[in-house]
Every structure is written in structure tokens, then in C-alpha cells.
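Participant: The structure follows.
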Amino acid sequence: MTLLALWLLALTPYALGSPRAWEAEIRCYASTNKNGEWFEFNEPVPNLASFSFDNTVESVTVTGMWILYQEPDYNTQVSGSVFWLDGIDFTADVPSQYANMASSLRYAGSPFQLNEDSWTMYTGQGFTEDTLYGASDMPSLGRLSADVSSIILTGTSAWTFYQGESYTGGGVCLRPDTHHHNTLFKSFDVGIFPTSAEFNLQDNSIRSVRKGCYSEAVAPYNSTTTYFGEYSASGAWGYFHL
């Protein structure tokens, strides 16, 4: 292969206009209206104190689904409030009761593909504690088997969650129920289920998940009214307090 061919091959991903490597991003500001010192993250941050930014966030811009926690390590050791935002280049001031609160943060769904069909499960209510992410069927949840208390979906596909391994036992069909879009024709769909009450199964009973809707039990569309504080075409924010 010639040097010219090697050079063209190296340029191909960029010359073809491929998307940036990271789609899920959050920019956190120390003051309202995107003012003051800021940090941009595309990975989970278990302790904002490592950036000298603990209890500092007052406004945020997000792409994807991001969750901010009152305590370090995603409220794993100590319970606390949860403030979340989702959308496409969506900006919001943190409401006064949650301003200067965040000590850790992380995203749900894929960091690389904005509207990938995916599920993210959490061992704690309100998307706290340990987590497991997937974009395909999983006949056994491994370490999270029978230890799921909340779920976030992204993309447009329904998923069926089962109380038995290998898609057996009682199940429930969950669907993303919130749609966002922007002028660049990007879309982002999300469904949030902060407690087992939202997915109509006994807490800590899920053991497998399959893409598609295979159960007559379908969770109602209620997240936009139950946990959202603000909703718009480009994004939304909400909260959950334990």
C-alpha cells in the first residue's frame, strides 16, 4: 500500500463526516444561565471534589441522559436527592432546591450513539448505586440478577423485563415515552422508571431482559407528568428524592 493510500485511509473516518466519538456530554456551570467556571464531562464522575467542583453546579447543558447525585459515588453509601436532565444540547438552570448540590454524575445509555436502543438498570431507586447497561437481549443479569430497583431506556424500542432467567416467569413491557428533537434533525427518546412501582414488578425481581414487547402487561406512560419538572422539544429535567 502506498503512502498516499495509507494517508487517505487514516483520514477516511473524518472525511466521510462520521459523528464525534462521544455523543453523551454534559457541561456544568458554577452560576446560572451558563455563567461562571465550567467543566465538560463525557464520562461518569464518582466525585466532583476531584475537580474542585463539589456542591457547585447551578446550570447545565446536556446531550443524552445525565443524572446528578447529592452524594459521591452516585448515592451508593448515603441516600440523597437526584436531579436529572435529558435532551439534545439542552440547557437549564438547576432549580434552587438542587443548586450547589451535585457531588457525582453519570450518563445512561450509550456514550457513543445518541439514540441507541438500550436499557440501563440500577440496584437503587432513583437510578442510584450499582448499574448495568446493555443494548441487546440478556438471558441472565449476572451480578444484578434479582437486584434491580430502577430502569432507564433510550431509543425507540420496547423491552420486556422478566422475573425469571432466559425470559421466563412474569414479565412487563416497558417503552420509551419521551421524545426530543432539534433543528439538526437529531432525535432522542427516553423512558424513566425510578422505582419498581413504575414497571409493575416486585422490587428486586428482574432476572432477564429481551428486546421487543412480549408481555400483555405494559407499563403506563406516566413519566412526563410524575417526575418531570420541565419539558420542551429539546430536553427536560426532573428530580427524585429518597
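Just so we're on the same page: first chain in the C-alpha cells is A, next is B, and so on; residues restart at 1 for each chain, and ligands are numbered from 1 in the order they show up.
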Just want the 6 Å neighbourhood of A:Ile67, counted on only C-alpha atoms, with same-chain residues fewer than 6 positions away dropped. Output as a count of residues only.
Facilitator: 4
Participant: Once DSSP has gone over the backbone, tell me which residues of stretch 13-230 of chain A are in strand (DSSP E or B), as an NGL selection string.
Facilitator: :A and (25-31 or 35-41 or 45 or 59-69 or 81-93 or 104-108 or 118-122 or 131-134 or 138 or 150-154 or 159-164 or 168-174 or 178-181 or 187-193 or 208-211 or 218 or 228-230)
Participant: Between stretch 3-105 of chain A and stretch 127-133 of chain A, at 6 Å or less, what are the per-residue closest atom pairs and their distances in Å? Count only C-alpha atoms, order by chain and rising residue number, and return it as CSV.
Facilitator:
```
residue,atom,partner,partner_atom,distance
A:Tyr74,CA,A:Thr128,CA,5.5
A:Asn75,CA,A:Thr128,CA,5.8
A:Thr76,CA,A:Glu129,CA,4.3
```
Participant: With a distance cut-off of 9 Å and only C-alpha atoms, select the neighbouring residues of A:Trp159, excluding the residue or stretch itself and same-chain residues fewer than 4 positions from it, and output the selection as a PyMOL selection string.
Facilitator: chain A and resi 118-119+137+153+172-175+209-214
Participant: Go ahead and write the selection's residues with all heavy atoms as a compact mmCIF listing (two decimals), in the first residue's frame.
Facilitator:
```txt
# COMPACT_ATOMS: atom_id res chain seq x y z
N SER A 118 -31.44 0.98 24.08
CA SER A 118 -30.66 0.44 25.19
C SER A 118 -31.46 0.46 26.47
O SER A 118 -32.49 1.12 26.58
CB SER A 118 -29.37 1.27 25.39
OG SER A 118 -29.65 2.49 26.06
N TRP A 119 -30.98 -0.27 27.45
CA TRP A 119 -31.51 -0.24 28.81
C TRP A 119 -30.35 -0.03 29.78
O TRP A 119 -29.23 -0.48 29.52
CB TRP A 119 -32.26 -1.53 29.15
CG TRP A 119 -31.54 -2.79 28.77
CD1 TRP A 119 -31.72 -3.55 27.64
CD2 TRP A 119 -30.49 -3.45 29.52
NE1 TRP A 119 -30.87 -4.63 27.62
CE2 TRP A 119 -30.11 -4.60 28.76
CE3 TRP A 119 -29.86 -3.19 30.73
CZ2 TRP A 119 -29.11 -5.48 29.20
CZ3 TRP A 119 -28.86 -4.06 31.16
CH2 TRP A 119 -28.51 -5.19 30.40
N ASP A 137 -30.47 -8.45 24.00
CA ASP A 137 -31.07 -9.40 24.93
C ASP A 137 -30.04 -9.87 25.95
O ASP A 137 -28.85 -10.02 25.63
CB ASP A 137 -31.60 -10.62 24.18
CG ASP A 137 -32.67 -10.27 23.15
OD1 ASP A 137 -33.09 -9.11 23.11
OD2 ASP A 137 -33.06 -11.18 22.41
N LEU A 153 -34.55 3.68 29.82
CA LEU A 153 -34.47 3.23 28.44
C LEU A 153 -34.10 4.40 27.54
O LEU A 153 -34.51 5.54 27.78
CB LEU A 153 -35.81 2.67 27.97
CG LEU A 153 -36.44 1.53 28.77
CD1 LEU A 153 -37.76 1.11 28.13
CD2 LEU A 153 -35.49 0.34 28.88
N VAL A 172 -42.92 -7.70 32.11
CA VAL A 172 -43.59 -6.44 31.82
C VAL A 172 -42.89 -5.78 30.64
O VAL A 172 -41.67 -5.84 30.50
CB VAL A 172 -43.60 -5.50 33.05
CG1 VAL A 172 -42.18 -5.11 33.45
CG2 VAL A 172 -44.45 -4.26 32.79
N CYS A 173 -43.69 -5.15 29.79
CA CYS A 173 -43.17 -4.44 28.63
C CYS A 173 -43.01 -2.96 28.97
O CYS A 173 -43.97 -2.32 29.42
CB CYS A 173 -44.13 -4.63 27.45
SG CYS A 173 -43.70 -3.67 25.99
N LEU A 174 -41.81 -2.43 28.77
CA LEU A 174 -41.54 -1.01 29.00
C LEU A 174 -41.17 -0.35 27.68
O LEU A 174 -40.47 -0.95 26.85
CB LEU A 174 -40.39 -0.82 30.00
CG LEU A 174 -40.50 -1.51 31.35
CD1 LEU A 174 -39.31 -1.12 32.23
CD2 LEU A 174 -41.81 -1.18 32.05
N ARG A 175 -41.60 0.90 27.51
CA ARG A 175 -41.31 1.65 26.29
C ARG A 175 -40.78 3.04 26.64
O ARG A 175 -41.26 3.66 27.59
CB ARG A 175 -42.57 1.82 25.44
CG ARG A 175 -43.22 0.54 24.97
CD ARG A 175 -44.48 0.86 24.16
NE ARG A 175 -45.22 -0.31 23.76
CZ ARG A 175 -44.98 -1.01 22.66
NH1 ARG A 175 -43.99 -0.63 21.86
NH2 ARG A 175 -45.69 -2.07 22.35
N VAL A 209 -33.83 -9.82 30.31
CA VAL A 209 -34.46 -8.78 29.50
C VAL A 209 -34.32 -9.14 28.03
O VAL A 209 -33.30 -9.68 27.60
CB VAL A 209 -33.83 -7.39 29.80
CG1 VAL A 209 -32.32 -7.40 29.57
CG2 VAL A 209 -34.49 -6.31 28.96
N ARG A 210 -35.37 -8.84 27.24
CA ARG A 210 -35.38 -9.15 25.82
C ARG A 210 -35.95 -7.97 25.04
O ARG A 210 -36.93 -7.34 25.46
CB ARG A 210 -36.21 -10.42 25.57
CG ARG A 210 -36.25 -10.85 24.12
CD ARG A 210 -36.74 -12.28 23.95
NE ARG A 210 -38.05 -12.53 24.53
CZ ARG A 210 -38.93 -13.42 24.04
NH1 ARG A 210 -38.62 -14.13 22.97
NH2 ARG A 210 -40.08 -13.60 24.64
N LYS A 211 -35.35 -7.68 23.89
CA LYS A 211 -35.80 -6.57 23.07
C LYS A 211 -37.13 -6.88 22.42
O LYS A 211 -37.33 -7.98 21.88
CB LYS A 211 -34.75 -6.25 22.00
CG LYS A 211 -35.01 -4.95 21.25
CD LYS A 211 -33.86 -4.61 20.33
CE LYS A 211 -34.05 -3.24 19.68
NZ LYS A 211 -32.90 -2.88 18.82
N GLY A 212 -38.06 -5.94 22.48
CA GLY A 212 -39.39 -6.12 21.95
C GLY A 212 -40.42 -6.24 23.06
O GLY A 212 -40.07 -6.34 24.24
N CYS A 213 -41.68 -6.20 22.70
CA CYS A 213 -42.77 -6.28 23.67
C CYS A 213 -43.42 -7.66 23.57
O CYS A 213 -44.11 -7.96 22.60
CB CYS A 213 -43.78 -5.18 23.41
SG CYS A 213 -45.00 -4.98 24.71
N TYR A 214 -43.20 -8.50 24.59
CA TYR A 214 -43.69 -9.87 24.58
C TYR A 214 -44.62 -10.15 25.77
O TYR A 214 -44.89 -11.31 26.07
CB TYR A 214 -42.52 -10.85 24.61
CG TYR A 214 -41.59 -10.71 23.43
CD1 TYR A 214 -40.41 -9.98 23.54
CD2 TYR A 214 -41.92 -11.26 22.20
CE1 TYR A 214 -39.56 -9.83 22.46
CE2 TYR A 214 -41.06 -11.13 21.11
CZ TYR A 214 -39.89 -10.41 21.24
OH TYR A 214 -39.05 -10.26 20.16
```
Participant: Counting only C-alpha atoms, what is within 12 Å of A:Asn33, bar same-chain residues fewer than 5 positions away, as a list in words?
Facilitator: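 What passes the distance filter is Cys28, Trp38, Val57, Glu58, Ser59, Val60, Thr61, Thr91, Ala92, Asp93, Val94 and Pro95 of chain A.
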Participant: Those residues you just picked out, can you put them in a file as a JSON list (two decimals), in the first residue's frame with C-alpha atoms?
Facilitator:
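Heads up, here's the output in out29.json:
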```
[["chain", "number", "residue", "atom", "x", "y", "z"],
["A", 28, "CYS", "CA", -21.71, 22.04, 34.28],
["A", 38, "TRP", "CA", -17.41, 25.27, 33.97],
["A", 57, "VAL", "CA", -23.33, 23.21, 39.81],
["A", 58, "GLU", "CA", -26.04, 25.84, 39.13],
["A", 59, "SER", "CA", -26.73, 25.38, 35.39],
["A", 60, "VAL", "CA", -26.16, 22.58, 32.90],
["A", 61, "THR", "CA", -26.10, 21.82, 29.18],
["A", 91, "THR", "CA", -29.69, 23.89, 28.79],
["A", 92, "ALA", "CA", -31.39, 24.53, 32.13],
["A", 93, "ASP", "CA", -30.74, 26.24, 35.41],
["A", 94, "VAL", "CA", -30.76, 23.83, 38.33],
["A", 95, "PRO", "CA", -33.81, 24.65, 40.49]]
```
Participant: So the first atom is atom CA of A:Gly87 and the second is atom CA of A:Trp237; what is the distance between them in Å, to one decimal place?
Facilitator: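 Atom CA of A:Gly87 sits 8.8 Å away from atom CA of A:Trp237.
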